[in-house]
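Participant: First the structure, which I've put down as structure tokens, then a few questions once you've had a look.
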Amino acid sequence: MVAFPPCKINLGLHILYKRTDGYHALETCFYPVPWTDILEVIPSDTLAFSQSGDAIPGDPHDNLCLRAYHLLQKDFHLSPVRIHLHKIIPTGAGLGGGSSDGAYTLRLLNDLFNLHLTPTALAAYAAQLGSDCAFFTQDAPQLGTGRGEILTPIDLSLKGKFLVLAKPPIHVSTAEAYAGITPAAPATGLTQTLTQVPLAAWKGQLHNDFEPSVFARHPSIEALKERLYRAGAVYASMSGSGAAVFGIFDKGVDLAFDAGVVHWSGVLTR
Ligand SMILES: C[C@@](CO)(OP(=O)(O)O)[C@H](O)COP(=O)(O)OP(=O)(O)OC[C@H]1O[C@@H](n2ccc(N)nc2=O)[C@H](O)[C@@H]1O
Ligand SMILES: Nc1ncnc2c1ncn2[C@@H]1O[C@H](COP(=O)(O)OP(=O)(O)O)[C@@H](O)[C@H]1O
């Protein structure tokens with residue numbers, strides 16, 4: 001079986017307070033973007049994981065695809081599989097690529113072994129892999145709360161808009177980004193901003209709380225965001241904890257970026 005795990009952007013990201021478990025309570029809108037990895041899971045005599053494409057930091061044995069398999073293996077005594085991942089989504093970018101691979105491994109195993117896990121049950125397993133893994137068990141934009149694993153569908157469509165994603169050659173660690181945050185309740189809740197403020201007015205009203213501290217350490221990420229505005233973006237922001245930034249345009253643009261900036265662009269179809 002083959003799947004194409006997408007990445008995500010965060011439309012607004014408010015860090016509300018630090019929880020007693022060390023995580024931060026947040027509210028964000030996860031929005032899927034069809035810049036995807038390629039994931040294959042097939043029955044095998046022995047468990048095997050291989051990868052191609054871009055390098056993935058860390059020990060391959062800790063890959064989220066393998067962690068997903070072991071999570072279900074523990075409860076369902078699954079037969080062995082061979083997993084191959086072709087990596088395309090930049091890592092450490094605030095795009096959730098690893099989280100997506102883990103969640104899609106759960107989805108493929110659910111189908112391959114007819115486990116009949118519901119989307120809710122899949123989301124609960126995914127939440128054990130990481131705070132933004134649960135989102136990737138759904139296919140539509142979701143409001144994320146809690147540590148990001150509590151999902152509520154949101155009636156929001158960017159269909160027909162042109163999206164540009166750009167990731168500079170900077171690795172922002174998620175834990176480091178959270179450590180740089182002073183949590184605070186926002187003046188306006190995220191759902192209210194997203195559903196009552198038109199896209200043309202999001203600039204200055206839709207905030208990613210990671211931006212001030214990450215931009216202070218990495219001014220080139222802010223410069224990239226401003227570059228998208230100068231190119232005509234209606235709204236631009238850093239995604240998640242960074243380093244990727246995105247711009248939403250009313251019409252297609254053809255932008256050239258400095259060497260080392262990995263980018264994707266396309267018309268959103270949902
Ligand atoms: C920041 C966000 C925003 O969407 O995405 P990315 O920028 O990574 O894409 C997510 O919260 C990242 O989710 P994820 O990458 O799954 O985080 P996890 O593996 O669960 O946690 C990694 C570390 O980030 C911190 N963390 C994560 C989530 C959260 N709500 N509070 C936290 O404080 C903790 O220090 C934790 O040890
Ligand atoms: N399949 C995977 N793809 C990418 N990263 C993975 C994967 N499995 C585990 N990881 C680990 O997760 C970390 C961050 O993953 P990722 O979700 O891509 O970050 P971000 O959400 O910040 O874009 C990587 O640095 C890597 O060490």
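Each chain in the structure tokens gets a letter, A, B and so on, in the order shown; residues start at 1 in every chain, and ligands are counted from 1 in the order they appear.
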Which residues are near ligand 1 - at most 6 Å, using only C-alpha atoms and all ligand atoms? Format: as a list in words.
Facilitator: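 Those within range of ligand 1 are Tyr23, His24, Ala25, Gly94, Leu95, Gly96, Gly130, Ser131, Asp132, Cys133, Arg147, Gly148, Thr174, Ala175, Tyr178, Gly240, Ser241 and Gly242 of chain A.
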Participant: Just the selected residues (C-alpha atoms), exported as a PDB file, in the first residue's frame, please.
Facilitator:
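Okay, this is what ended up in part.pdb:
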ATOM      1  CA  TYR A  23       3.686  20.783  27.456  1.00  0.00           C
ATOM      2  CA  HIS A  24       2.047  24.061  26.471  1.00  0.00           C
ATOM      3  CA  ALA A  25      -1.664  24.577  25.961  1.00  0.00           C
ATOM      4  CA  GLY A  94       7.299  23.625  11.289  1.00  0.00           C
ATOM      5  CA  LEU A  95       5.574  21.621   8.547  1.00  0.00           C
ATOM      6  CA  GLY A  96       4.843  18.475  10.560  1.00  0.00           C
ATOM      7  CA  GLY A 130       3.467  13.505  18.966  1.00  0.00           C
ATOM      8  CA  SER A 131       1.324  16.568  19.608  1.00  0.00           C
ATOM      9  CA  ASP A 132       0.600  17.354  15.958  1.00  0.00           C
ATOM     10  CA  CYS A 133       0.386  13.768  14.716  1.00  0.00           C
ATOM     11  CA  ARG A 147      -1.225  20.295  23.265  1.00  0.00           C
ATOM     12  CA  GLY A 148      -2.414  20.096  19.658  1.00  0.00           C
ATOM     13  CA  THR A 174      10.553  22.559  18.490  1.00  0.00           C
ATOM     14  CA  ALA A 175      11.587  22.232  22.152  1.00  0.00           C
ATOM     15  CA  TYR A 178       8.778  26.505  23.038  1.00  0.00           C
ATOM     16  CA  GLY A 240       4.555  26.284  13.564  1.00  0.00           C
ATOM     17  CA  SER A 241       7.909  26.618  15.324  1.00  0.00           C
ATOM     18  CA  GLY A 242       9.637  27.322  12.014  1.00  0.00           C
TER      19      GLY A 242
END
Participant: Among segment 24-118 of chain A, which residues carry a DSSP assignment of alpha helix (DSSP H), reported as a ChimeraX atom specification?
Facilitator: /A:64-76,97-112
Participant: Show me which residues line ligand 2, defined as having an atom within 6 Å of a ligand atom where only C-alpha atoms and all ligand atoms count, and present them as a PyMOL selection string.
Facilitator: chain A and resi 56-58+63-65+91-99+101
Participant: Give the answer as one residue: which of A:Leu129, A:Gly22, A:Leu228, A:Phe249 has the shortest atom-to-atom distance to Leu72 of chain A, using only C-alpha atoms?
Facilitator: A:Leu129
Participant: Write out as a list in words the residues lying within 8 Å of segment 157-163 of chain A, counting only C-alpha atoms and excluding same-chain residues fewer than 5 positions away.
Facilitator: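 The filter keeps Phe246, Gly247, Ile248, Phe249, Asp250, Lys251, Gly252, Val253, Ser265, Gly266, Val267, Leu268, Thr269 and Arg270 of chain A.
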Participant: Extract, using only C-alpha atoms, all DNA, RNA and protein residues at most 12 Å from Ala244 of chain A, discarding same-chain residues fewer than 2 positions from it, and format them as number ranges by chain.
Facilitator: A: 7-10, 89-97, 164-172, 211, 214-215, 218, 220-225, 236-242, 246-247, 261-264
Participant: Looking at A:Leu199, A:Leu13, A:Val81, A:Leu71, which one is nearest to Ser44 of chain A, with distances taken over only C-alpha atoms?
Facilitator: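 Checking each candidate against Ser44 of chain A, we get A:Val81 as the closest.
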Participant: Name the residues in contact with Ala187 of chain A at a cut-off of 12 Å, using only C-alpha atoms, excluding same-chain residues fewer than 4 positions from it; report them as a list in words.
Facilitator: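 In the requested format, the answer is His14, Leu16, Gln192, Thr193, Gln205, Leu206 and His207 of chain A.
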Participant: For the residues in that selection, give me all heavy atoms as a PDB file, in the first residue's frame.
Facilitator:
ATOM      1  N   HIS A  14      -1.506  30.249  18.945  1.00  0.00           N
ATOM      2  CA  HIS A  14      -1.449  30.935  20.247  1.00  0.00           C
ATOM      3  C   HIS A  14      -0.968  29.954  21.309  1.00  0.00           C
ATOM      4  O   HIS A  14      -1.554  28.877  21.468  1.00  0.00           O
ATOM      5  CB  HIS A  14      -2.843  31.438  20.648  1.00  0.00           C
ATOM      6  CG  HIS A  14      -3.419  32.453  19.700  1.00  0.00           C
ATOM      7  ND1 HIS A  14      -4.776  32.631  19.540  1.00  0.00           N
ATOM      8  CD2 HIS A  14      -2.838  33.330  18.839  1.00  0.00           C
ATOM      9  CE1 HIS A  14      -5.002  33.577  18.639  1.00  0.00           C
ATOM     10  NE2 HIS A  14      -3.835  34.023  18.204  1.00  0.00           N
ATOM     11  N   LEU A  16      -0.933  29.376  25.045  1.00  0.00           N
ATOM     12  CA  LEU A  16      -1.790  29.948  26.091  1.00  0.00           C
ATOM     13  C   LEU A  16      -1.147  29.908  27.471  1.00  0.00           C
ATOM     14  O   LEU A  16      -1.117  30.901  28.181  1.00  0.00           O
ATOM     15  CB  LEU A  16      -3.135  29.216  26.105  1.00  0.00           C
ATOM     16  CG  LEU A  16      -3.870  29.174  24.749  1.00  0.00           C
ATOM     17  CD1 LEU A  16      -5.150  28.362  24.850  1.00  0.00           C
ATOM     18  CD2 LEU A  16      -4.132  30.578  24.229  1.00  0.00           C
ATOM     19  N   GLN A 192     -12.554  32.884  16.384  1.00  0.00           N
ATOM     20  CA  GLN A 192     -13.245  34.139  16.053  1.00  0.00           C
ATOM     21  C   GLN A 192     -12.504  34.862  14.935  1.00  0.00           C
ATOM     22  O   GLN A 192     -13.100  35.296  13.938  1.00  0.00           O
ATOM     23  CB  GLN A 192     -13.327  35.045  17.288  1.00  0.00           C
ATOM     24  CG  GLN A 192     -14.100  36.337  17.038  1.00  0.00           C
ATOM     25  CD  GLN A 192     -14.243  37.173  18.307  1.00  0.00           C
ATOM     26  OE1 GLN A 192     -14.142  36.639  19.416  1.00  0.00           O
ATOM     27  NE2 GLN A 192     -14.467  38.464  18.164  1.00  0.00           N
ATOM     28  N   THR A 193     -11.169  34.952  15.029  1.00  0.00           N
ATOM     29  CA  THR A 193     -10.401  35.633  13.985  1.00  0.00           C
ATOM     30  C   THR A 193     -10.554  34.920  12.649  1.00  0.00           C
ATOM     31  O   THR A 193     -10.839  35.541  11.621  1.00  0.00           O
ATOM     32  CB  THR A 193      -8.906  35.683  14.370  1.00  0.00           C
ATOM     33  OG1 THR A 193      -8.771  36.360  15.614  1.00  0.00           O
ATOM     34  CG2 THR A 193      -8.083  36.380  13.297  1.00  0.00           C
ATOM     35  N   GLN A 205      -3.642  40.625  12.363  1.00  0.00           N
ATOM     36  CA  GLN A 205      -4.644  40.098  13.310  1.00  0.00           C
ATOM     37  C   GLN A 205      -4.455  38.606  13.590  1.00  0.00           C
ATOM     38  O   GLN A 205      -4.939  38.107  14.607  1.00  0.00           O
ATOM     39  CB  GLN A 205      -6.061  40.335  12.761  1.00  0.00           C
ATOM     40  CG  GLN A 205      -6.449  41.806  12.649  1.00  0.00           C
ATOM     41  CD  GLN A 205      -7.950  41.968  12.466  1.00  0.00           C
ATOM     42  OE1 GLN A 205      -8.757  41.536  13.291  1.00  0.00           O
ATOM     43  NE2 GLN A 205      -8.329  42.608  11.349  1.00  0.00           N
ATOM     44  N   LEU A 206      -3.793  37.886  12.653  1.00  0.00           N
ATOM     45  CA  LEU A 206      -3.599  36.433  12.816  1.00  0.00           C
ATOM     46  C   LEU A 206      -2.124  36.195  13.152  1.00  0.00           C
ATOM     47  O   LEU A 206      -1.249  36.439  12.316  1.00  0.00           O
ATOM     48  CB  LEU A 206      -3.985  35.718  11.519  1.00  0.00           C
ATOM     49  CG  LEU A 206      -4.099  34.191  11.591  1.00  0.00           C
ATOM     50  CD1 LEU A 206      -5.221  33.778  12.558  1.00  0.00           C
ATOM     51  CD2 LEU A 206      -4.371  33.595  10.204  1.00  0.00           C
ATOM     52  N   HIS A 207      -1.868  35.768  14.383  1.00  0.00           N
ATOM     53  CA  HIS A 207      -0.481  35.751  14.870  1.00  0.00           C
ATOM     54  C   HIS A 207       0.022  34.336  15.135  1.00  0.00           C
ATOM     55  O   HIS A 207      -0.746  33.454  15.538  1.00  0.00           O
ATOM     56  CB  HIS A 207      -0.385  36.541  16.183  1.00  0.00           C
ATOM     57  CG  HIS A 207      -0.833  37.962  16.053  1.00  0.00           C
ATOM     58  ND1 HIS A 207      -0.109  38.903  15.348  1.00  0.00           N
ATOM     59  CD2 HIS A 207      -1.953  38.586  16.495  1.00  0.00           C
ATOM     60  CE1 HIS A 207      -0.762  40.059  15.385  1.00  0.00           C
ATOM     61  NE2 HIS A 207      -1.879  39.900  16.072  1.00  0.00           N
TER      62      HIS A 207
END
Participant: Can you pull out the residues contacting Glu40 of chain A? Cut-off 12 Å, using only C-alpha atoms, and skip same-chain residues under 6 positions away; I want them as a list in words.
Facilitator: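 Once the adjacent positions are removed, what remains is Met1, Val2, Ala3, Phe4, Pro5, Ala48, Phe49, Ser50, Gln51, Ser52, Cys65, Val81, Arg82, Ile83, His84, Leu85, His86, Lys87, Asp101, Tyr104, Thr105, Leu106, Arg107, Leu108, Leu109 and Leu112 of chain A.
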Participant: Counting only C-alpha atoms, what is within 10 Å of Thr118 of chain A, bar same-chain residues fewer than 5 positions away, as a VMD selection string?
Facilitator: chain A and resid 107 110 123 to 124 137
Participant: Nearest residue to Ala126 of chain A out of A:Gly144, A:Pro43, A:Gly102, A:Gly232, using only C-alpha atoms?
Facilitator: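 Closest to Ala126 of chain A, using only C-alpha atoms: A:Gly102.
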Participant: What's the separation between atom CA of Leu156 of chain A and atom CA of Ala103 of chain A, in Å to one decimal place?
Facilitator: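 Distance reported for this atom pair: 22.5 Å.
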Participant: Name the closest residue to Ala140 of chain A among the candidates A:Asp75, A:Asp21, A:Pro34, A:Pro186; distances are taken between atoms, counting only C-alpha atoms.
Facilitator: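 Ranked by minimum distance to Ala140 of chain A, first place goes to A:Pro34.
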Participant: Report, in Å with one decimal, the straight-line distance from atom CA of Val33 of chain A to atom CA of Pro183 of chain A.
Facilitator: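 Distance reported for this atom pair: 27.5 Å.
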